[in-house]
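Participant: I am sharing my_file37.tsv, which consists of TSV, N, CA and C atoms:
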```
chain	number	residue	atom	x	y	z
F	21	HIS	N	-9.94	6.08	-4.82
F	21	HIS	CA	-11.00	6.65	-4.02
F	21	HIS	C	-10.99	8.16	-4.24
F	22	ARG	N	-12.06	8.70	-4.75
F	22	ARG	CA	-12.07	10.10	-5.16
F	22	ARG	C	-12.11	11.08	-4.00
F	23	MET	N	-12.87	10.82	-2.99
F	23	MET	CA	-13.08	11.79	-1.93
F	23	MET	C	-12.24	11.53	-0.68
F	24	GLY	N	-11.49	10.46	-0.64
F	24	GLY	CA	-10.66	10.18	0.52
F	24	GLY	C	-11.45	9.46	1.60
F	25	GLY	N	-10.87	9.42	2.77
F	25	GLY	CA	-11.53	8.79	3.89
F	25	GLY	C	-11.26	7.31	4.04
F	26	CYS	N	-10.40	6.75	3.24
F	26	CYS	CA	-10.08	5.33	3.33
F	26	CYS	C	-9.16	5.08	4.52
F	27	GLN	N	-9.39	3.97	5.18
F	27	GLN	CA	-8.50	3.52	6.25
F	27	GLN	C	-7.57	2.48	5.66
F	28	GLY	N	-6.30	2.59	5.96
F	28	GLY	CA	-5.36	1.63	5.42
F	28	GLY	C	-4.00	1.76	6.06
F	29	THR	N	-3.06	1.03	5.52
F	29	THR	CA	-1.69	0.99	6.03
F	29	THR	C	-0.72	1.32	4.90
F	30	ILE	N	0.22	2.19	5.19
F	30	ILE	CA	1.29	2.49	4.24
F	30	ILE	C	2.43	1.52	4.51
F	31	LYS	N	2.85	0.82	3.47
F	31	LYS	CA	3.94	-0.16	3.60
F	31	LYS	C	5.08	0.26	2.69
F	32	ILE	N	6.28	0.16	3.23
F	32	ILE	CA	7.47	0.59	2.51
F	32	ILE	C	8.33	-0.63	2.20
F	33	TYR	N	8.65	-0.80	0.93
F	33	TYR	CA	9.51	-1.90	0.48
F	33	TYR	C	10.68	-1.31	-0.30
F	34	SER	N	11.67	-2.11	-0.55
F	34	SER	CA	12.85	-1.61	-1.26
F	34	SER	C	12.51	-1.14	-2.67
F	35	GLU	N	11.54	-1.74	-3.33
F	35	GLU	CA	11.20	-1.41	-4.71
F	35	GLU	C	9.94	-0.57	-4.87
F	36	GLN	N	9.14	-0.47	-3.79
F	36	GLN	CA	7.87	0.24	-3.95
F	36	GLN	C	7.28	0.71	-2.63
F	37	LEU	N	6.27	1.57	-2.77
F	37	LEU	CA	5.50	2.07	-1.65
F	37	LEU	C	4.06	1.62	-1.88
F	38	MET	N	3.41	1.13	-0.84
F	38	MET	CA	2.05	0.63	-0.99
F	38	MET	C	1.13	1.26	0.04
F	39	PHE	N	-0.13	1.48	-0.35
F	39	PHE	CA	-1.20	1.83	0.56
F	39	PHE	C	-2.19	0.68	0.47
F	40	VAL	N	-2.37	-0.05	1.56
F	40	VAL	CA	-3.17	-1.26	1.57
F	40	VAL	C	-4.41	-1.04	2.42
F	41	THR	N	-5.59	-1.32	1.83
F	41	THR	CA	-6.85	-1.21	2.55
F	41	THR	C	-7.44	-2.60	2.76
F	42	ALA	N	-8.34	-2.70	3.71
F	42	ALA	CA	-8.95	-3.99	4.04
F	42	ALA	C	-9.76	-4.54	2.86
F	43	ASN	N	-10.47	-3.67	2.14
F	43	ASN	CA	-11.30	-4.16	1.03
F	43	ASN	C	-10.50	-4.37	-0.26
F	44	GLY	N	-9.30	-3.82	-0.31
F	44	GLY	CA	-8.45	-4.00	-1.49
F	44	GLY	C	-8.79	-3.08	-2.64
F	45	GLN	N	-10.03	-2.60	-2.73
F	45	GLN	CA	-10.45	-1.76	-3.85
F	45	GLN	C	-9.73	-0.41	-3.85
F	46	ASP	N	-9.45	0.13	-2.69
F	46	ASP	CA	-8.82	1.44	-2.60
F	46	ASP	C	-7.31	1.36	-2.38
F	47	SER	N	-6.77	0.15	-2.45
F	47	SER	CA	-5.32	-0.02	-2.29
F	47	SER	C	-4.60	0.55	-3.50
F	48	ARG	N	-3.39	1.02	-3.27
F	48	ARG	CA	-2.56	1.57	-4.34
F	48	ARG	C	-1.13	1.11	-4.12
F	49	SER	N	-0.37	1.03	-5.19
F	49	SER	CA	1.06	0.76	-5.05
F	49	SER	C	1.80	1.53	-6.14
F	50	TRP	N	2.98	1.98	-5.78
F	50	TRP	CA	3.80	2.74	-6.71
F	50	TRP	C	5.24	2.26	-6.58
F	51	HIS	N	5.87	1.95	-7.72
F	51	HIS	CA	7.31	1.75	-7.71
F	51	HIS	C	7.92	3.13	-7.50
F	52	TRP	N	9.10	3.18	-6.92
F	52	TRP	CA	9.72	4.46	-6.60
F	52	TRP	C	9.82	5.37	-7.81
F	53	LYS	N	10.05	4.80	-9.00
F	53	LYS	CA	10.18	5.61	-10.21
F	53	LYS	C	8.85	6.23	-10.64
F	54	GLU	N	7.74	5.76	-10.10
F	54	GLU	CA	6.42	6.30	-10.43
F	54	GLU	C	6.02	7.47	-9.53
F	55	ILE	N	6.87	7.78	-8.55
F	55	ILE	CA	6.59	8.87	-7.62
F	55	ILE	C	7.45	10.07	-7.99
F	56	LYS	N	6.81	11.20	-8.25
F	56	LYS	CA	7.53	12.43	-8.60
F	56	LYS	C	8.12	13.07	-7.35
F	57	SER	N	7.33	13.15	-6.28
F	57	SER	CA	7.84	13.74	-5.04
F	57	SER	C	7.03	13.24	-3.85
F	58	ILE	N	7.61	13.44	-2.71
F	58	ILE	CA	6.97	13.07	-1.46
F	58	ILE	C	7.20	14.22	-0.49
F	59	ASN	N	6.15	14.61	0.21
F	59	ASN	CA	6.24	15.77	1.10
F	59	ASN	C	5.63	15.46	2.45
F	60	ARG	N	6.31	15.89	3.48
F	60	ARG	CA	5.75	15.79	4.83
F	60	ARG	C	5.17	17.15	5.14
F	61	LEU	N	3.84	17.23	5.16
F	61	LEU	CA	3.16	18.49	5.40
F	61	LEU	C	3.31	18.89	6.87
F	62	ASP	N	3.31	17.91	7.74
F	62	ASP	CA	3.62	18.04	9.16
F	62	ASP	C	3.89	16.62	9.66
F	63	ASN	N	4.08	16.43	10.95
F	63	ASN	CA	4.41	15.09	11.45
F	63	ASN	C	3.27	14.09	11.26
F	64	TRP	N	2.08	14.57	10.99
F	64	TRP	CA	0.90	13.71	10.89
F	64	TRP	C	0.30	13.65	9.48
F	65	SER	N	0.97	14.25	8.51
F	65	SER	CA	0.43	14.30	7.14
F	65	SER	C	1.53	14.02	6.12
F	66	LEU	N	1.18	13.23	5.12
F	66	LEU	CA	2.12	12.87	4.07
F	66	LEU	C	1.43	13.04	2.73
F	67	GLU	N	2.12	13.65	1.77
F	67	GLU	CA	1.60	13.80	0.42
F	67	GLU	C	2.53	13.07	-0.54
F	68	ILE	N	1.91	12.31	-1.46
F	68	ILE	CA	2.66	11.61	-2.50
F	68	ILE	C	2.17	12.15	-3.83
F	69	LEU	N	3.09	12.68	-4.63
F	69	LEU	CA	2.76	13.19	-5.96
F	69	LEU	C	3.30	12.18	-6.96
F	70	THR	N	2.38	11.58	-7.72
F	70	THR	CA	2.77	10.52	-8.65
F	70	THR	C	2.74	11.03	-10.09
F	71	TYR	N	3.25	10.22	-10.98
F	71	TYR	CA	3.22	10.55	-12.41
F	71	TYR	C	1.94	10.07	-13.08
F	72	GLU	N	0.95	9.61	-12.32
F	72	GLU	CA	-0.32	9.15	-12.89
F	72	GLU	C	-1.03	10.32	-13.56
F	73	ASN	N	-1.66	10.05	-14.68
F	73	ASN	CA	-2.43	11.08	-15.36
F	73	ASN	C	-3.70	11.37	-14.58
F	74	MET	N	-4.05	12.66	-14.54
F	74	MET	CA	-5.27	13.09	-13.86
F	74	MET	C	-5.82	14.28	-14.62
F	75	THR	N	-7.13	14.45	-14.60
F	75	THR	CA	-7.75	15.59	-15.26
F	75	THR	C	-7.11	16.88	-14.74
F	76	GLY	N	-6.71	17.73	-15.66
F	76	GLY	CA	-6.12	19.00	-15.28
F	76	GLY	C	-4.60	18.96	-15.15
F	77	GLY	N	-3.98	17.82	-15.34
F	77	GLY	CA	-2.53	17.78	-15.22
F	77	GLY	C	-1.98	16.38	-15.32
F	78	PRO	N	-0.66	16.27	-15.51
F	78	PRO	CA	-0.03	14.97	-15.70
F	78	PRO	C	0.36	14.28	-14.39
F	79	LYS	N	-0.02	14.85	-13.25
F	79	LYS	CA	0.39	14.27	-11.98
F	79	LYS	C	-0.82	14.12	-11.06
F	80	ARG	N	-0.73	13.21	-10.12
F	80	ARG	CA	-1.82	12.98	-9.18
F	80	ARG	C	-1.28	13.04	-7.76
F	81	SER	N	-2.01	13.71	-6.90
F	81	SER	CA	-1.59	13.89	-5.51
F	81	SER	C	-2.45	13.01	-4.60
F	82	TYR	N	-1.78	12.33	-3.69
F	82	TYR	CA	-2.46	11.56	-2.63
F	82	TYR	C	-2.02	12.15	-1.30
F	83	GLN	N	-2.99	12.46	-0.45
F	83	GLN	CA	-2.67	12.99	0.87
F	83	GLN	C	-3.16	12.02	1.93
F	84	PHE	N	-2.27	11.74	2.87
F	84	PHE	CA	-2.57	10.79	3.93
F	84	PHE	C	-2.49	11.47	5.29
F	85	LYS	N	-3.51	11.24	6.12
F	85	LYS	CA	-3.48	11.66	7.52
F	85	LYS	C	-3.01	10.44	8.31
F	86	LEU	N	-1.87	10.58	8.95
F	86	LEU	CA	-1.23	9.45	9.61
F	86	LEU	C	-1.75	9.26	11.03
F	87	LYS	N	-1.75	8.02	11.48
F	87	LYS	CA	-2.18	7.71	12.85
F	87	LYS	C	-1.02	7.73	13.83
F	88	GLU	N	0.19	7.74	13.29
F	88	GLU	CA	1.41	7.87	14.10
F	88	GLU	C	2.26	8.95	13.44
F	89	PRO	N	3.02	9.70	14.23
F	89	PRO	CA	3.85	10.74	13.62
F	89	PRO	C	4.94	10.14	12.72
F	90	LEU	N	5.22	10.84	11.64
F	90	LEU	CA	6.26	10.42	10.70
F	90	LEU	C	7.59	10.98	11.18
F	91	SER	N	8.49	10.08	11.56
F	91	SER	CA	9.78	10.51	12.09
F	91	SER	C	10.64	11.11	10.98
F	92	GLU	N	11.58	11.92	11.38
F	92	GLU	CA	12.53	12.53	10.44
F	92	GLU	C	13.31	11.44	9.71
F	93	LYS	N	13.71	10.42	10.43
F	93	LYS	CA	14.50	9.33	9.85
F	93	LYS	C	13.71	8.59	8.77
F	94	LEU	N	12.44	8.29	9.04
F	94	LEU	CA	11.63	7.58	8.05
F	94	LEU	C	11.33	8.47	6.85
F	95	TYR	N	11.05	9.73	7.09
F	95	TYR	CA	10.81	10.65	5.98
F	95	TYR	C	12.06	10.76	5.10
F	96	ASP	N	13.22	10.85	5.71
F	96	ASP	CA	14.47	10.92	4.96
F	96	ASP	C	14.67	9.68	4.10
F	97	GLN	N	14.30	8.52	4.63
F	97	GLN	CA	14.41	7.27	3.87
F	97	GLN	C	13.46	7.30	2.66
F	98	LEU	N	12.22	7.74	2.87
F	98	LEU	CA	11.27	7.83	1.76
F	98	LEU	C	11.77	8.81	0.70
F	99	TRP	N	12.19	9.98	1.15
F	99	TRP	CA	12.66	11.01	0.22
F	99	TRP	C	13.86	10.50	-0.58
F	100	SER	N	14.76	9.81	0.08
F	100	SER	CA	15.94	9.27	-0.58
F	100	SER	C	15.55	8.26	-1.66
F	101	ASN	N	14.59	7.39	-1.36
F	101	ASN	CA	14.13	6.41	-2.36
F	101	ASN	C	13.56	7.10	-3.59
F	102	VAL	N	12.76	8.13	-3.39
F	102	VAL	CA	12.16	8.86	-4.50
F	102	VAL	C	13.24	9.61	-5.28
F	103	TYR	N	14.09	10.33	-4.57
F	103	TYR	CA	15.10	11.17	-5.22
F	103	TYR	C	16.08	10.32	-6.03
F	104	GLN	N	16.54	9.20	-5.47
F	104	GLN	CA	17.50	8.35	-6.18
F	104	GLN	C	16.89	7.83	-7.47
F	105	ASN	N	15.62	7.46	-7.45
F	105	ASN	CA	14.98	6.95	-8.66
F	105	ASN	C	14.71	8.05	-9.66
F	106	ASN	N	14.45	9.26	-9.21
F	106	ASN	CA	14.25	10.38	-10.14
F	106	ASN	C	15.55	10.73	-10.85
F	107	LEU	N	16.69	10.54	-10.19
F	107	LEU	CA	17.98	10.81	-10.81
F	107	LEU	C	18.30	9.80	-11.92
F	108	GLN	N	17.77	8.58	-11.79
F	108	GLN	CA	18.05	7.53	-12.75
F	108	GLN	C	17.18	7.61	-13.99
F	109	LYS	N	16.20	8.50	-14.02
F	109	LYS	CA	15.30	8.62	-15.17
F	109	LYS	C	16.01	9.22	-16.35
```
Can the structure from this file be put into structure tokens for me?

Facilitator:
Amino acid sequence: HRMGGCQGTIKIYSEQLMFVTANGQDSRSWHWKEIKSINRLDNWSLEILTYENMTGGPKRSYQFKLKEPLSEKLYDQLWSNVYQNNLQK
């Protein structure tokens, strides 16, 4: 989805992170090794920087406005999943 505005759910699994939408067309999934970094912009915003090719650069950014605050514990878990896989590259 180019302009954003999709409603969906972020799901966390041991092998991957998913963004699931009702229509399925705007859903995305990334194995941990496909994510370059993850950033908590604030308690209500999450950015995922992937290794997907995009015009103007080799990485693609997805920004999510959350409906519930992202706890420190959950953010640490996400960051750990990304970091551990980046070390194995």

Participant: If you run DSSP on the backbone, which residues of chain F are strand (DSSP E), as a PyMOL selection string?

Facilitator: chain F and resi 28-32+36-41+48-51+55-62+65-70+80-85

Participant: Can you work out the spacing between atom C of Ser34 (chain F) and atom N of Trp52 (chain F) in Å, to one decimal?

Facilitator: 7.0 Å

Participant: Compare F:Ser57, F:Asn63, F:Thr29, F:Gln36 by their minimum atom-to-atom distance to Lys79 (chain F), counting only C-alpha atoms, and give me the closest one.

Facilitator: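 Among the listed residues, the smallest separation from Lys79 (chain F) belongs to F:Ser57.
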
Participant: For region 81-89 of chain F, find every residue with an atom within 8 Å (counting all atoms listed in the file), except residues of its own chain fewer than 3 positions away, and show them as a list in words.

Facilitator: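 My reading of the contact set: Gly24, Asp62, Asn63, Trp64, Ser65, Leu66, Glu67, Ile68, Leu69, Thr70, Tyr71, Glu72, Met74, Pro78 and Glu92 of chain F.
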
Participant: Name all residues at most 7 Å from Met38 (chain F) (count only C-alpha atoms; drop same-chain ones fewer than 4 positions away) and give them as a PyMOL selection string.

Facilitator: chain F and resi 30-32+48-50

Participant: Selected residues, N, CA and C atoms, written as an mmCIF file, keeping the file's coordinate frame, please.

Facilitator:
```
data_model
loop_
_atom_site.group_PDB
_atom_site.id
_atom_site.type_symbol
_atom_site.label_atom_id
_atom_site.label_comp_id
_atom_site.auth_asym_id
_atom_site.auth_seq_id
_atom_site.Cartn_x
_atom_site.Cartn_y
_atom_site.Cartn_z
ATOM 1 N N ILE F 30 0.220 2.190 5.190
ATOM 2 C CA ILE F 30 1.290 2.490 4.240
ATOM 3 C C ILE F 30 2.430 1.520 4.510
ATOM 4 N N LYS F 31 2.850 0.820 3.470
ATOM 5 C CA LYS F 31 3.940 -0.160 3.600
ATOM 6 C C LYS F 31 5.080 0.260 2.690
ATOM 7 N N ILE F 32 6.280 0.160 3.230
ATOM 8 C CA ILE F 32 7.470 0.590 2.510
ATOM 9 C C ILE F 32 8.330 -0.630 2.200
ATOM 10 N N ARG F 48 -3.390 1.020 -3.270
ATOM 11 C CA ARG F 48 -2.560 1.570 -4.340
ATOM 12 C C ARG F 48 -1.130 1.110 -4.120
ATOM 13 N N SER F 49 -0.370 1.030 -5.190
ATOM 14 C CA SER F 49 1.060 0.760 -5.050
ATOM 15 C C SER F 49 1.800 1.530 -6.140
ATOM 16 N N TRP F 50 2.980 1.980 -5.780
ATOM 17 C CA TRP F 50 3.800 2.740 -6.710
ATOM 18 C C TRP F 50 5.240 2.260 -6.580
#
```

Participant: Taking all listed atoms of region 50-64 of chain F, build the axis-aligned box, pad each of the six sides by 5 Å, then write its centre and edge lengths in Å to one decimal as AutoDock Vina command-line options.

Facilitator:
```
--center_x 5.2 --center_y 10.3 --center_z 0.4 --size_x 19.9 --size_y 27.1 --size_z 32.1
```

Participant: Assuming the input is short of atoms at region 28-54 of chain F, produce N, CA, C and O atoms for that part as a tab-separated table (two decimals), in the frame of the given file.

Facilitator:
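Below you can see out_9.tsv, which holds the result:
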```tsv
chain	number	residue	atom	x	y	z
F	28	GLY	N	-6.30	2.59	5.96
F	28	GLY	CA	-5.36	1.63	5.42
F	28	GLY	C	-4.00	1.76	6.06
F	28	GLY	O	-3.81	2.52	7.02
F	29	THR	N	-3.06	1.03	5.52
F	29	THR	CA	-1.69	0.99	6.03
F	29	THR	C	-0.72	1.32	4.90
F	29	THR	O	-0.84	0.78	3.80
F	30	ILE	N	0.22	2.19	5.19
F	30	ILE	CA	1.29	2.49	4.24
F	30	ILE	C	2.43	1.52	4.51
F	30	ILE	O	2.89	1.41	5.65
F	31	LYS	N	2.85	0.82	3.47
F	31	LYS	CA	3.94	-0.16	3.60
F	31	LYS	C	5.08	0.26	2.69
F	31	LYS	O	4.87	0.64	1.54
F	32	ILE	N	6.28	0.16	3.23
F	32	ILE	CA	7.47	0.59	2.51
F	32	ILE	C	8.33	-0.63	2.20
F	32	ILE	O	8.68	-1.39	3.11
F	33	TYR	N	8.65	-0.80	0.93
F	33	TYR	CA	9.51	-1.90	0.48
F	33	TYR	C	10.68	-1.31	-0.30
F	33	TYR	O	10.65	-0.16	-0.71
F	34	SER	N	11.67	-2.11	-0.55
F	34	SER	CA	12.85	-1.61	-1.26
F	34	SER	C	12.51	-1.14	-2.67
F	34	SER	O	13.13	-0.22	-3.19
F	35	GLU	N	11.54	-1.74	-3.33
F	35	GLU	CA	11.20	-1.41	-4.71
F	35	GLU	C	9.94	-0.57	-4.87
F	35	GLU	O	9.69	-0.04	-5.95
F	36	GLN	N	9.14	-0.47	-3.79
F	36	GLN	CA	7.87	0.24	-3.95
F	36	GLN	C	7.28	0.71	-2.63
F	36	GLN	O	7.71	0.28	-1.56
F	37	LEU	N	6.27	1.57	-2.77
F	37	LEU	CA	5.50	2.07	-1.65
F	37	LEU	C	4.06	1.62	-1.88
F	37	LEU	O	3.56	1.70	-3.00
F	38	MET	N	3.41	1.13	-0.84
F	38	MET	CA	2.05	0.63	-0.99
F	38	MET	C	1.13	1.26	0.04
F	38	MET	O	1.54	1.54	1.17
F	39	PHE	N	-0.13	1.48	-0.35
F	39	PHE	CA	-1.20	1.83	0.56
F	39	PHE	C	-2.19	0.68	0.47
F	39	PHE	O	-2.77	0.43	-0.58
F	40	VAL	N	-2.37	-0.05	1.56
F	40	VAL	CA	-3.17	-1.26	1.57
F	40	VAL	C	-4.41	-1.04	2.42
F	40	VAL	O	-4.32	-0.63	3.57
F	41	THR	N	-5.59	-1.32	1.83
F	41	THR	CA	-6.85	-1.21	2.55
F	41	THR	C	-7.44	-2.60	2.76
F	41	THR	O	-7.09	-3.55	2.05
F	42	ALA	N	-8.34	-2.70	3.71
F	42	ALA	CA	-8.95	-3.99	4.04
F	42	ALA	C	-9.76	-4.54	2.86
F	42	ALA	O	-9.72	-5.74	2.59
F	43	ASN	N	-10.47	-3.67	2.14
F	43	ASN	CA	-11.30	-4.16	1.03
F	43	ASN	C	-10.50	-4.37	-0.26
F	43	ASN	O	-10.99	-4.99	-1.18
F	44	GLY	N	-9.30	-3.82	-0.31
F	44	GLY	CA	-8.45	-4.00	-1.49
F	44	GLY	C	-8.79	-3.08	-2.64
F	44	GLY	O	-7.93	-2.79	-3.47
F	45	GLN	N	-10.03	-2.60	-2.73
F	45	GLN	CA	-10.45	-1.76	-3.85
F	45	GLN	C	-9.73	-0.41	-3.85
F	45	GLN	O	-9.47	0.14	-4.91
F	46	ASP	N	-9.45	0.13	-2.69
F	46	ASP	CA	-8.82	1.44	-2.60
F	46	ASP	C	-7.31	1.36	-2.38
F	46	ASP	O	-6.67	2.37	-2.18
F	47	SER	N	-6.77	0.15	-2.45
F	47	SER	CA	-5.32	-0.02	-2.29
F	47	SER	C	-4.60	0.55	-3.50
F	47	SER	O	-5.14	0.57	-4.61
F	48	ARG	N	-3.39	1.02	-3.27
F	48	ARG	CA	-2.56	1.57	-4.34
F	48	ARG	C	-1.13	1.11	-4.12
F	48	ARG	O	-0.72	0.87	-2.98
F	49	SER	N	-0.37	1.03	-5.19
F	49	SER	CA	1.06	0.76	-5.05
F	49	SER	C	1.80	1.53	-6.14
F	49	SER	O	1.27	1.75	-7.23
F	50	TRP	N	2.98	1.98	-5.78
F	50	TRP	CA	3.80	2.74	-6.71
F	50	TRP	C	5.24	2.26	-6.58
F	50	TRP	O	5.78	2.19	-5.49
F	51	HIS	N	5.87	1.95	-7.72
F	51	HIS	CA	7.31	1.75	-7.71
F	51	HIS	C	7.92	3.13	-7.50
F	51	HIS	O	7.32	4.15	-7.85
F	52	TRP	N	9.10	3.18	-6.92
F	52	TRP	CA	9.72	4.46	-6.60
F	52	TRP	C	9.82	5.37	-7.81
F	52	TRP	O	9.64	6.58	-7.71
F	53	LYS	N	10.05	4.80	-9.00
F	53	LYS	CA	10.18	5.61	-10.21
F	53	LYS	C	8.85	6.23	-10.64
F	53	LYS	O	8.83	7.14	-11.47
F	54	GLU	N	7.74	5.76	-10.10
F	54	GLU	CA	6.42	6.30	-10.43
F	54	GLU	C	6.02	7.47	-9.53
F	54	GLU	O	4.97	8.07	-9.72
```
